[in-house]
file data01.txt (compact mmCIF, N, CA and C atoms)
# COMPACT_ATOMS: atom_id res chain seq x y z
N MET J 1 -20.14 -76.26 13.99
CA MET J 1 -19.45 -75.16 14.65
C MET J 1 -19.74 -75.23 16.14
N SER J 2 -18.71 -75.21 16.94
CA SER J 2 -18.89 -75.25 18.39
C SER J 2 -18.88 -73.84 18.95
N GLU J 3 -19.62 -73.66 20.01
CA GLU J 3 -19.70 -72.37 20.69
C GLU J 3 -18.37 -72.06 21.37
N ARG J 4 -17.90 -70.84 21.25
CA ARG J 4 -16.66 -70.42 21.89
C ARG J 4 -16.81 -70.49 23.40
N LYS J 5 -15.83 -71.06 24.09
CA LYS J 5 -15.87 -71.13 25.55
C LYS J 5 -15.59 -69.76 26.13
N ILE J 6 -16.38 -69.40 27.12
CA ILE J 6 -16.23 -68.12 27.81
C ILE J 6 -15.58 -68.42 29.16
N PRO J 7 -14.41 -67.85 29.41
CA PRO J 7 -13.76 -68.11 30.69
C PRO J 7 -14.61 -67.61 31.86
N ALA J 8 -14.57 -68.32 32.96
CA ALA J 8 -15.30 -67.89 34.16
C ALA J 8 -14.72 -66.57 34.65
N PRO J 9 -15.57 -65.62 35.03
CA PRO J 9 -15.06 -64.34 35.51
C PRO J 9 -14.41 -64.46 36.88
N ARG J 10 -13.48 -63.58 37.15
CA ARG J 10 -12.88 -63.49 38.48
C ARG J 10 -13.84 -62.68 39.33
N VAL J 11 -14.33 -63.26 40.39
CA VAL J 11 -15.34 -62.62 41.22
C VAL J 11 -14.71 -62.15 42.53
N LEU J 12 -14.80 -60.86 42.77
CA LEU J 12 -14.32 -60.26 44.01
C LEU J 12 -15.51 -60.03 44.94
N ALA J 13 -15.24 -59.88 46.21
CA ALA J 13 -16.31 -59.68 47.19
C ALA J 13 -17.19 -58.49 46.83
N GLU J 14 -16.60 -57.41 46.33
CA GLU J 14 -17.38 -56.20 46.02
C GLU J 14 -18.22 -56.34 44.75
N SER J 15 -18.02 -57.41 43.98
CA SER J 15 -18.80 -57.58 42.75
C SER J 15 -19.72 -58.79 42.77
N ILE J 16 -19.84 -59.49 43.88
CA ILE J 16 -20.66 -60.71 43.92
C ILE J 16 -22.12 -60.43 43.58
N ALA J 17 -22.66 -59.29 44.01
CA ALA J 17 -24.05 -58.96 43.68
C ALA J 17 -24.23 -58.81 42.17
N TYR J 18 -23.23 -58.24 41.50
CA TYR J 18 -23.25 -58.08 40.05
C TYR J 18 -23.36 -59.44 39.35
N TRP J 19 -22.52 -60.38 39.78
CA TRP J 19 -22.50 -61.69 39.13
C TRP J 19 -23.74 -62.52 39.47
N ARG J 20 -24.25 -62.39 40.68
CA ARG J 20 -25.50 -63.09 41.03
C ARG J 20 -26.66 -62.57 40.20
N ALA J 21 -26.71 -61.24 40.00
CA ALA J 21 -27.75 -60.66 39.16
C ALA J 21 -27.61 -61.15 37.72
N ALA J 22 -26.38 -61.24 37.22
CA ALA J 22 -26.16 -61.75 35.87
C ALA J 22 -26.69 -63.17 35.73
N ASP J 23 -26.50 -63.98 36.76
CA ASP J 23 -27.04 -65.35 36.74
C ASP J 23 -28.56 -65.35 36.64
N GLU J 24 -29.19 -64.27 37.11
CA GLU J 24 -30.66 -64.12 37.04
C GLU J 24 -31.11 -63.40 35.78
N GLY J 25 -30.16 -63.01 34.91
CA GLY J 25 -30.52 -62.31 33.68
C GLY J 25 -30.72 -60.81 33.88
N ARG J 26 -30.06 -60.24 34.90
CA ARG J 26 -30.18 -58.81 35.18
C ARG J 26 -28.79 -58.17 35.11
N LEU J 27 -28.73 -56.97 34.52
CA LEU J 27 -27.48 -56.23 34.44
C LEU J 27 -27.51 -55.11 35.47
N LEU J 28 -26.54 -55.13 36.38
CA LEU J 28 -26.45 -54.09 37.41
C LEU J 28 -25.32 -53.12 37.10
N ILE J 29 -25.54 -51.87 37.49
CA ILE J 29 -24.48 -50.86 37.48
C ILE J 29 -24.52 -50.18 38.84
N LYS J 30 -23.51 -49.40 39.12
CA LYS J 30 -23.45 -48.68 40.40
C LYS J 30 -23.80 -47.21 40.18
N ARG J 31 -24.39 -46.61 41.22
CA ARG J 31 -24.64 -45.17 41.25
C ARG J 31 -24.12 -44.66 42.57
N CYS J 32 -23.44 -43.53 42.50
CA CYS J 32 -22.92 -42.90 43.71
C CYS J 32 -24.03 -42.04 44.32
N MET J 33 -24.30 -42.27 45.59
CA MET J 33 -25.32 -41.48 46.28
C MET J 33 -24.81 -40.11 46.69
N ALA J 34 -23.49 -39.90 46.66
CA ALA J 34 -22.93 -38.60 47.01
C ALA J 34 -22.95 -37.64 45.82
N CYS J 35 -22.48 -38.10 44.65
CA CYS J 35 -22.40 -37.20 43.49
C CYS J 35 -23.42 -37.51 42.41
N GLY J 36 -24.10 -38.66 42.49
CA GLY J 36 -25.15 -39.01 41.53
C GLY J 36 -24.67 -39.66 40.25
N GLU J 37 -23.36 -39.83 40.08
CA GLU J 37 -22.82 -40.42 38.85
C GLU J 37 -23.00 -41.94 38.84
N HIS J 38 -23.30 -42.46 37.65
CA HIS J 38 -23.33 -43.91 37.43
C HIS J 38 -21.92 -44.35 37.04
N HIS J 39 -21.56 -45.57 37.42
CA HIS J 39 -20.27 -46.08 36.99
C HIS J 39 -20.28 -47.60 36.81
N HIS J 40 -19.35 -48.03 36.00
CA HIS J 40 -19.11 -49.45 35.74
C HIS J 40 -17.63 -49.57 35.46
N TYR J 41 -16.93 -50.44 35.96
CA TYR J 41 -17.13 -51.78 36.44
C TYR J 41 -17.53 -51.74 37.92
N PRO J 42 -18.04 -52.87 38.41
CA PRO J 42 -18.52 -52.90 39.79
C PRO J 42 -17.39 -52.67 40.81
N ARG J 43 -17.54 -51.65 41.61
CA ARG J 43 -16.57 -51.36 42.67
C ARG J 43 -17.28 -50.56 43.74
N ASP J 44 -16.76 -50.62 44.95
CA ASP J 44 -17.39 -49.97 46.09
C ASP J 44 -17.16 -48.46 46.14
N ILE J 45 -16.05 -48.00 45.58
CA ILE J 45 -15.68 -46.59 45.68
C ILE J 45 -16.02 -45.88 44.36
N CYS J 46 -16.68 -44.74 44.45
CA CYS J 46 -17.03 -43.96 43.26
C CYS J 46 -15.74 -43.43 42.61
N PRO J 47 -15.57 -43.66 41.30
CA PRO J 47 -14.36 -43.16 40.64
C PRO J 47 -14.39 -41.66 40.39
N PHE J 48 -15.54 -41.02 40.60
CA PHE J 48 -15.66 -39.58 40.36
C PHE J 48 -15.35 -38.75 41.60
N CYS J 49 -15.89 -39.17 42.75
CA CYS J 49 -15.71 -38.36 43.97
C CYS J 49 -15.08 -39.13 45.12
N LEU J 50 -14.82 -40.42 44.91
CA LEU J 50 -14.19 -41.31 45.89
C LEU J 50 -15.06 -41.61 47.10
N SER J 51 -16.35 -41.39 47.00
CA SER J 51 -17.27 -41.73 48.07
C SER J 51 -17.47 -43.24 48.12
N ASP J 52 -17.73 -43.76 49.33
CA ASP J 52 -18.08 -45.18 49.44
C ASP J 52 -19.59 -45.38 49.55
N ALA J 53 -20.35 -44.30 49.35
CA ALA J 53 -21.81 -44.37 49.39
C ALA J 53 -22.33 -44.68 47.99
N THR J 54 -22.28 -45.97 47.61
CA THR J 54 -22.74 -46.39 46.29
C THR J 54 -23.88 -47.39 46.44
N GLU J 55 -24.69 -47.48 45.40
CA GLU J 55 -25.80 -48.43 45.40
C GLU J 55 -25.90 -49.13 44.06
N TRP J 56 -26.45 -50.33 44.08
CA TRP J 56 -26.69 -51.10 42.86
C TRP J 56 -27.99 -50.66 42.23
N LEU J 57 -28.01 -50.54 40.90
CA LEU J 57 -29.22 -50.24 40.15
C LEU J 57 -29.35 -51.22 39.00
N ASP J 58 -30.58 -51.61 38.69
CA ASP J 58 -30.80 -52.43 37.50
C ASP J 58 -30.68 -51.52 36.28
N ALA J 59 -29.78 -51.87 35.37
CA ALA J 59 -29.64 -51.14 34.11
C ALA J 59 -30.74 -51.59 33.16
N ARG J 60 -31.09 -50.73 32.21
CA ARG J 60 -32.11 -51.09 31.23
C ARG J 60 -31.64 -52.22 30.32
N GLY J 61 -30.31 -52.32 30.15
CA GLY J 61 -29.78 -53.39 29.30
C GLY J 61 -29.73 -53.03 27.83
N THR J 62 -29.90 -51.75 27.53
CA THR J 62 -29.82 -51.29 26.15
C THR J 62 -28.70 -50.27 26.03
N GLY J 63 -28.18 -50.15 24.83
CA GLY J 63 -27.12 -49.18 24.61
C GLY J 63 -26.77 -49.09 23.15
N THR J 64 -25.60 -48.48 22.88
CA THR J 64 -25.11 -48.33 21.52
C THR J 64 -23.64 -48.71 21.46
N VAL J 65 -23.23 -49.18 20.30
CA VAL J 65 -21.83 -49.55 20.09
C VAL J 65 -21.01 -48.27 19.97
N TYR J 66 -20.03 -48.13 20.86
CA TYR J 66 -19.12 -46.99 20.83
C TYR J 66 -17.92 -47.31 19.93
N SER J 67 -17.42 -48.53 20.03
CA SER J 67 -16.29 -48.99 19.24
C SER J 67 -16.29 -50.51 19.26
N PHE J 68 -15.64 -51.13 18.27
CA PHE J 68 -15.58 -52.59 18.25
C PHE J 68 -14.41 -53.05 17.40
N SER J 69 -14.03 -54.30 17.61
CA SER J 69 -12.99 -54.93 16.81
C SER J 69 -13.26 -56.42 16.76
N THR J 70 -13.17 -56.99 15.58
CA THR J 70 -13.35 -58.44 15.42
C THR J 70 -11.98 -59.08 15.26
N MET J 71 -11.72 -60.08 16.08
CA MET J 71 -10.45 -60.79 16.06
C MET J 71 -10.67 -62.23 15.62
N GLY J 72 -9.67 -62.80 15.00
CA GLY J 72 -9.74 -64.19 14.59
C GLY J 72 -10.52 -64.36 13.30
N GLN J 73 -10.64 -65.64 12.89
CA GLN J 73 -11.34 -65.97 11.67
C GLN J 73 -12.18 -67.22 11.88
N GLY J 74 -13.20 -67.36 11.08
CA GLY J 74 -14.04 -68.56 11.11
C GLY J 74 -14.65 -68.80 12.48
N ASP J 75 -14.59 -70.06 12.93
CA ASP J 75 -15.19 -70.43 14.21
C ASP J 75 -14.50 -69.77 15.40
N ALA J 76 -13.27 -69.35 15.22
CA ALA J 76 -12.52 -68.74 16.32
C ALA J 76 -12.73 -67.23 16.42
N ALA J 77 -13.47 -66.63 15.51
CA ALA J 77 -13.67 -65.18 15.51
C ALA J 77 -14.59 -64.74 16.65
N TYR J 78 -14.28 -63.58 17.20
CA TYR J 78 -15.15 -62.96 18.19
C TYR J 78 -15.03 -61.46 18.07
N THR J 79 -16.06 -60.75 18.51
CA THR J 79 -16.09 -59.30 18.40
C THR J 79 -16.14 -58.69 19.78
N LEU J 80 -15.11 -57.93 20.09
CA LEU J 80 -15.01 -57.19 21.34
C LEU J 80 -15.55 -55.79 21.09
N ALA J 81 -16.33 -55.26 22.05
CA ALA J 81 -16.93 -53.95 21.84
C ALA J 81 -16.95 -53.12 23.12
N LEU J 82 -16.94 -51.82 22.93
CA LEU J 82 -17.26 -50.88 23.99
C LEU J 82 -18.70 -50.46 23.73
N VAL J 83 -19.55 -50.68 24.72
CA VAL J 83 -20.97 -50.37 24.59
C VAL J 83 -21.33 -49.29 25.61
N THR J 84 -21.92 -48.21 25.13
CA THR J 84 -22.39 -47.16 26.02
C THR J 84 -23.84 -47.45 26.36
N LEU J 85 -24.08 -47.72 27.63
CA LEU J 85 -25.43 -48.05 28.09
C LEU J 85 -26.32 -46.82 28.11
N ALA J 86 -27.62 -47.03 28.13
CA ALA J 86 -28.59 -45.93 28.20
C ALA J 86 -28.34 -45.05 29.42
N GLU J 87 -27.77 -45.63 30.48
CA GLU J 87 -27.49 -44.88 31.71
C GLU J 87 -26.23 -44.01 31.60
N GLY J 88 -25.50 -44.14 30.49
CA GLY J 88 -24.35 -43.28 30.25
C GLY J 88 -22.99 -43.91 30.49
N VAL J 89 -22.94 -45.05 31.15
CA VAL J 89 -21.64 -45.70 31.38
C VAL J 89 -21.25 -46.53 30.16
N THR J 90 -19.96 -46.69 29.96
CA THR J 90 -19.47 -47.50 28.85
C THR J 90 -18.81 -48.74 29.43
N MET J 91 -19.17 -49.89 28.89
CA MET J 91 -18.59 -51.14 29.37
C MET J 91 -18.03 -51.94 28.21
N MET J 92 -16.95 -52.67 28.50
CA MET J 92 -16.36 -53.55 27.49
C MET J 92 -17.04 -54.91 27.58
N SER J 93 -17.37 -55.44 26.41
CA SER J 93 -18.03 -56.73 26.38
C SER J 93 -17.81 -57.35 25.00
N ASN J 94 -18.57 -58.37 24.70
CA ASN J 94 -18.55 -59.01 23.39
C ASN J 94 -19.87 -58.77 22.68
N LEU J 95 -19.82 -58.67 21.35
CA LEU J 95 -21.03 -58.69 20.54
C LEU J 95 -21.20 -60.12 20.07
N VAL J 96 -22.40 -60.66 20.26
CA VAL J 96 -22.65 -62.06 19.94
C VAL J 96 -23.93 -62.21 19.13
N ASP J 97 -24.09 -63.39 18.56
CA ASP J 97 -25.30 -63.75 17.82
C ASP J 97 -25.58 -62.78 16.68
N CYS J 98 -24.50 -62.37 15.99
CA CYS J 98 -24.65 -61.48 14.85
C CYS J 98 -23.48 -61.67 13.90
N ASP J 99 -23.63 -61.20 12.69
CA ASP J 99 -22.56 -61.23 11.70
C ASP J 99 -21.68 -60.00 11.94
N PRO J 100 -20.41 -60.19 12.30
CA PRO J 100 -19.55 -59.05 12.59
C PRO J 100 -19.46 -58.03 11.45
N SER J 101 -19.66 -58.49 10.20
CA SER J 101 -19.56 -57.56 9.07
C SER J 101 -20.73 -56.57 9.02
N THR J 102 -21.77 -56.82 9.83
CA THR J 102 -22.93 -55.92 9.83
C THR J 102 -22.92 -54.96 11.03
N VAL J 103 -21.94 -55.08 11.91
CA VAL J 103 -21.87 -54.23 13.10
C VAL J 103 -21.40 -52.84 12.70
N ALA J 104 -21.97 -51.81 13.35
CA ALA J 104 -21.59 -50.43 13.05
C ALA J 104 -21.53 -49.62 14.34
N ILE J 105 -20.64 -48.65 14.36
CA ILE J 105 -20.59 -47.72 15.49
C ILE J 105 -21.92 -46.98 15.55
N GLY J 106 -22.46 -46.85 16.74
CA GLY J 106 -23.76 -46.20 16.93
C GLY J 106 -24.93 -47.16 16.86
N GLN J 107 -24.68 -48.42 16.53
CA GLN J 107 -25.74 -49.42 16.41
C GLN J 107 -26.36 -49.70 17.77
N ALA J 108 -27.68 -49.82 17.80
CA ALA J 108 -28.40 -50.15 19.04
C ALA J 108 -28.17 -51.63 19.37
N VAL J 109 -27.92 -51.89 20.66
CA VAL J 109 -27.71 -53.26 21.14
C VAL J 109 -28.48 -53.47 22.43
N ARG J 110 -28.64 -54.74 22.79
CA ARG J 110 -29.29 -55.10 24.04
C ARG J 110 -28.48 -56.21 24.70
N VAL J 111 -28.57 -56.28 26.00
CA VAL J 111 -27.80 -57.27 26.74
C VAL J 111 -28.39 -58.66 26.61
N VAL J 112 -27.53 -59.65 26.54
CA VAL J 112 -27.87 -61.07 26.64
C VAL J 112 -26.85 -61.67 27.61
N PHE J 113 -27.17 -62.77 28.19
CA PHE J 113 -26.27 -63.39 29.15
C PHE J 113 -25.84 -64.75 28.64
N LYS J 114 -24.53 -64.98 28.64
CA LYS J 114 -23.95 -66.23 28.15
C LYS J 114 -23.28 -66.93 29.33
N LEU J 115 -23.51 -68.23 29.43
CA LEU J 115 -22.89 -69.00 30.51
C LEU J 115 -21.39 -69.10 30.28
N SER J 116 -20.66 -68.90 31.36
CA SER J 116 -19.21 -69.06 31.27
C SER J 116 -18.84 -70.51 31.56
N ASP J 117 -17.60 -70.83 31.32
CA ASP J 117 -17.11 -72.18 31.52
C ASP J 117 -16.87 -72.43 33.01
N GLY J 118 -17.92 -72.89 33.69
CA GLY J 118 -17.79 -73.22 35.10
C GLY J 118 -18.00 -72.07 36.06
N GLY J 119 -18.49 -70.95 35.60
CA GLY J 119 -18.69 -69.79 36.48
C GLY J 119 -20.02 -69.12 36.26
N HIS J 120 -20.06 -67.84 36.55
CA HIS J 120 -21.28 -67.05 36.42
C HIS J 120 -21.60 -66.72 34.97
N ALA J 121 -22.85 -66.34 34.71
CA ALA J 121 -23.25 -65.85 33.40
C ALA J 121 -22.54 -64.52 33.17
N VAL J 122 -22.22 -64.24 31.90
CA VAL J 122 -21.49 -63.04 31.54
C VAL J 122 -22.36 -62.17 30.63
N PRO J 123 -22.52 -60.88 30.96
CA PRO J 123 -23.30 -60.00 30.08
C PRO J 123 -22.54 -59.73 28.79
N MET J 124 -23.26 -59.91 27.67
CA MET J 124 -22.74 -59.61 26.34
C MET J 124 -23.86 -58.88 25.61
N PHE J 125 -23.60 -58.46 24.40
CA PHE J 125 -24.60 -57.67 23.68
C PHE J 125 -24.84 -58.22 22.29
N THR J 126 -26.06 -57.99 21.82
CA THR J 126 -26.49 -58.41 20.49
C THR J 126 -27.28 -57.25 19.88
N PRO J 127 -27.35 -57.16 18.55
CA PRO J 127 -28.12 -56.07 17.96
C PRO J 127 -29.56 -56.06 18.48
N ALA J 128 -30.06 -54.85 18.72
CA ALA J 128 -31.43 -54.69 19.27
C ALA J 128 -32.46 -54.84 18.17

call {"tool": "encode", "arguments": {"input": "data01.txt", "output": "C-alpha cells"}}
result
Amino acid sequence: MSERKIPAPRVLAESIAYWRAADEGRLLIKRCMACGEHHHYPRDICPFCLSDATEWLDARGTGTVYSFSTMGQGDAAYTLALVTLAEGVTMMSNLVDCDPSTVAIGQAVRVVFKLSDGGHAVPMFTPA
C-alpha cells in the first residue's frame, strides 16, 4: 500500500509563518488583540471585529472531532474532518493513521504533520 500524496499547500504572504511553523512540527492559530477571539484559517484581519491587530499563538495541538466523512475505498480512502481545537477554533483537516470505522464525533485527537508533495508539512489529526 502506498501513502496517499498530499498536494502542496498554496502559501500566501500572510500565512508563511503558519507553514514554517508546520515544517517545525508546531500548529499556529491567530488571536485578535482587539477583541481577544482566536481564529483559523491564517489571515491578517480578524473575522470577528475586522481588526488588523492579530498575533500568532502556538496551539496545544489537541481537539475533538466535530464532524467527519470518509471518501473512497481501499488504498484510495481518506477521512476529511472538522476538528475543534482546545482553543475553540474549528479547522478542516484529515484524520490519518487510524481505521476510519473507529472514528466518532467527539473523539479526542492530536495534531501530526505530514509532508506534502513538494511543499510544506500539513497539519492533520490522529486519535489521541

call {"tool": "residues_near_point", "arguments": {"input": "data01.txt", "point": "(-21.6, -62.3, 28.1)", "cutoff": "8 Å", "atoms": "all atoms listed in the file", "output": "PyMOL selection string"}}
result
chain J and resi 6+93-95+111-116+121-125

call {"tool": "residues_around", "arguments": {"input": "data01.txt", "residues": "His40 (chain J)", "least_positions_apart": "4", "cutoff": "8 Å", "atoms": "only C-alpha atoms", "output": "list in words"}}
result
Ile29, Lys30, Val89, Thr90 and Met91 of chain J

call {"tool": "residues_near_point", "arguments": {"input": "data01.txt", "point": "(-23.1, -67.6, 37.0)", "cutoff": "7 Å", "atoms": "only C-alpha atoms", "output": "PDB file with N, CA and C atoms, in the coordinates of the input"}}
result
ATOM      1  N   TRP J  19     -22.520 -60.380  39.780  1.00  0.00           N
ATOM      2  CA  TRP J  19     -22.500 -61.690  39.130  1.00  0.00           C
ATOM      3  C   TRP J  19     -23.740 -62.520  39.470  1.00  0.00           C
ATOM      4  N   ARG J  20     -24.250 -62.390  40.680  1.00  0.00           N
ATOM      5  CA  ARG J  20     -25.500 -63.090  41.030  1.00  0.00           C
ATOM      6  C   ARG J  20     -26.660 -62.570  40.200  1.00  0.00           C
ATOM      7  N   ALA J  22     -26.380 -61.240  37.220  1.00  0.00           N
ATOM      8  CA  ALA J  22     -26.160 -61.750  35.870  1.00  0.00           C
ATOM      9  C   ALA J  22     -26.690 -63.170  35.730  1.00  0.00           C
ATOM     10  N   ASP J  23     -26.500 -63.980  36.760  1.00  0.00           N
ATOM     11  CA  ASP J  23     -27.040 -65.350  36.740  1.00  0.00           C
ATOM     12  C   ASP J  23     -28.560 -65.350  36.640  1.00  0.00           C
ATOM     13  N   LEU J 115     -23.510 -68.230  29.430  1.00  0.00           N
ATOM     14  CA  LEU J 115     -22.890 -69.000  30.510  1.00  0.00           C
ATOM     15  C   LEU J 115     -21.390 -69.100  30.280  1.00  0.00           C
ATOM     16  N   GLY J 119     -18.490 -70.950  35.600  1.00  0.00           N
ATOM     17  CA  GLY J 119     -18.690 -69.790  36.480  1.00  0.00           C
ATOM     18  C   GLY J 119     -20.020 -69.120  36.260  1.00  0.00           C
ATOM     19  N   HIS J 120     -20.060 -67.840  36.550  1.00  0.00           N
ATOM     20  CA  HIS J 120     -21.280 -67.050  36.420  1.00  0.00           C
ATOM     21  C   HIS J 120     -21.600 -66.720  34.970  1.00  0.00           C
ATOM     22  N   ALA J 121     -22.850 -66.340  34.710  1.00  0.00           N
ATOM     23  CA  ALA J 121     -23.250 -65.850  33.400  1.00  0.00           C
ATOM     24  C   ALA J 121     -22.540 -64.520  33.170  1.00  0.00           C
TER      25      ALA J 121
END

call {"tool": "select_by_dssp", "arguments": {"input": "data01.txt", "residues": "chain J", "states": "strand (DSSP E or B)", "output": "PyMOL selection string"}}
result
chain J and resi 7+28-32+38-39+54-58+62-71+78-85+90-95+108-115+117+121-127

call {"tool": "select_by_dssp", "arguments": {"input": "data01.txt", "residues": "chain J", "states": "alpha helix (DSSP H)", "output": "PyMOL selection string"}}
result
chain J and resi 16-23

call {"tool": "closest_atom_pairs", "arguments": {"input": "data01.txt", "of": "region 58-78 of chain J", "to": "region 105-109 of chain J", "cutoff": "9 Å", "atoms": "only C-alpha atoms", "output": "JSON lines"}}
result
{"residue": "J:Gly61", "atom": "CA", "partner": "J:Val109", "partner_atom": "CA", "distance": 8.4}
{"residue": "J:Thr62", "atom": "CA", "partner": "J:Val109", "partner_atom": "CA", "distance": 5.8}
{"residue": "J:Gly63", "atom": "CA", "partner": "J:Val109", "partner_atom": "CA", "distance": 5.4}
{"residue": "J:Thr64", "atom": "CA", "partner": "J:Ala108", "partner_atom": "CA", "distance": 4.5}
{"residue": "J:Val65", "atom": "CA", "partner": "J:Gly106", "partner_atom": "CA", "distance": 5.0}
{"residue": "J:Tyr66", "atom": "CA", "partner": "J:Ile105", "partner_atom": "CA", "distance": 5.6}
{"residue": "J:Ser67", "atom": "CA", "partner": "J:Ile105", "partner_atom": "CA", "distance": 5.8}
{"residue": "J:Phe68", "atom": "CA", "partner": "J:Ile105", "partner_atom": "CA", "distance": 7.5}

call {"tool": "atom_distance", "arguments": {"input": "data01.txt", "atom1": "CA of Met71 (chain J)", "atom2": "CA of Thr126 (chain J)"}}
result
16.8 Å

call {"tool": "residues_around", "arguments": {"input": "data01.txt", "residues": "Met33 (chain J)", "least_positions_apart": "6", "cutoff": "8 Å", "atoms": "only C-alpha atoms", "output": "JSON, numbers by chain"}}
result
{"J": [53, 54, 55]}

call {"tool": "closest_residue", "arguments": {"input": "data01.txt", "among": "J:Cys98, J:Arg4, J:Arg31, J:Ala59", "to": "Ala86 (chain J)", "atoms": "only C-alpha atoms"}}
result
J:Ala59

call {"tool": "closest_residue", "arguments": {"input": "data01.txt", "among": "J:Asp58, J:Leu82, J:Gly118, J:Thr70", "to": "Thr102 (chain J)", "atoms": "only C-alpha atoms"}}
result
J:Thr70

call {"tool": "atom_distance", "arguments": {"input": "data01.txt", "atom1": "CA of Asp52 (chain J)", "atom2": "CA of Cys32 (chain J)"}}
result
7.8 Å

call {"tool": "atom_distance", "arguments": {"input": "data01.txt", "atom1": "atom C of Met92 (chain J)", "atom2": "CA of Leu80 (chain J)"}}
result
6.9 Å
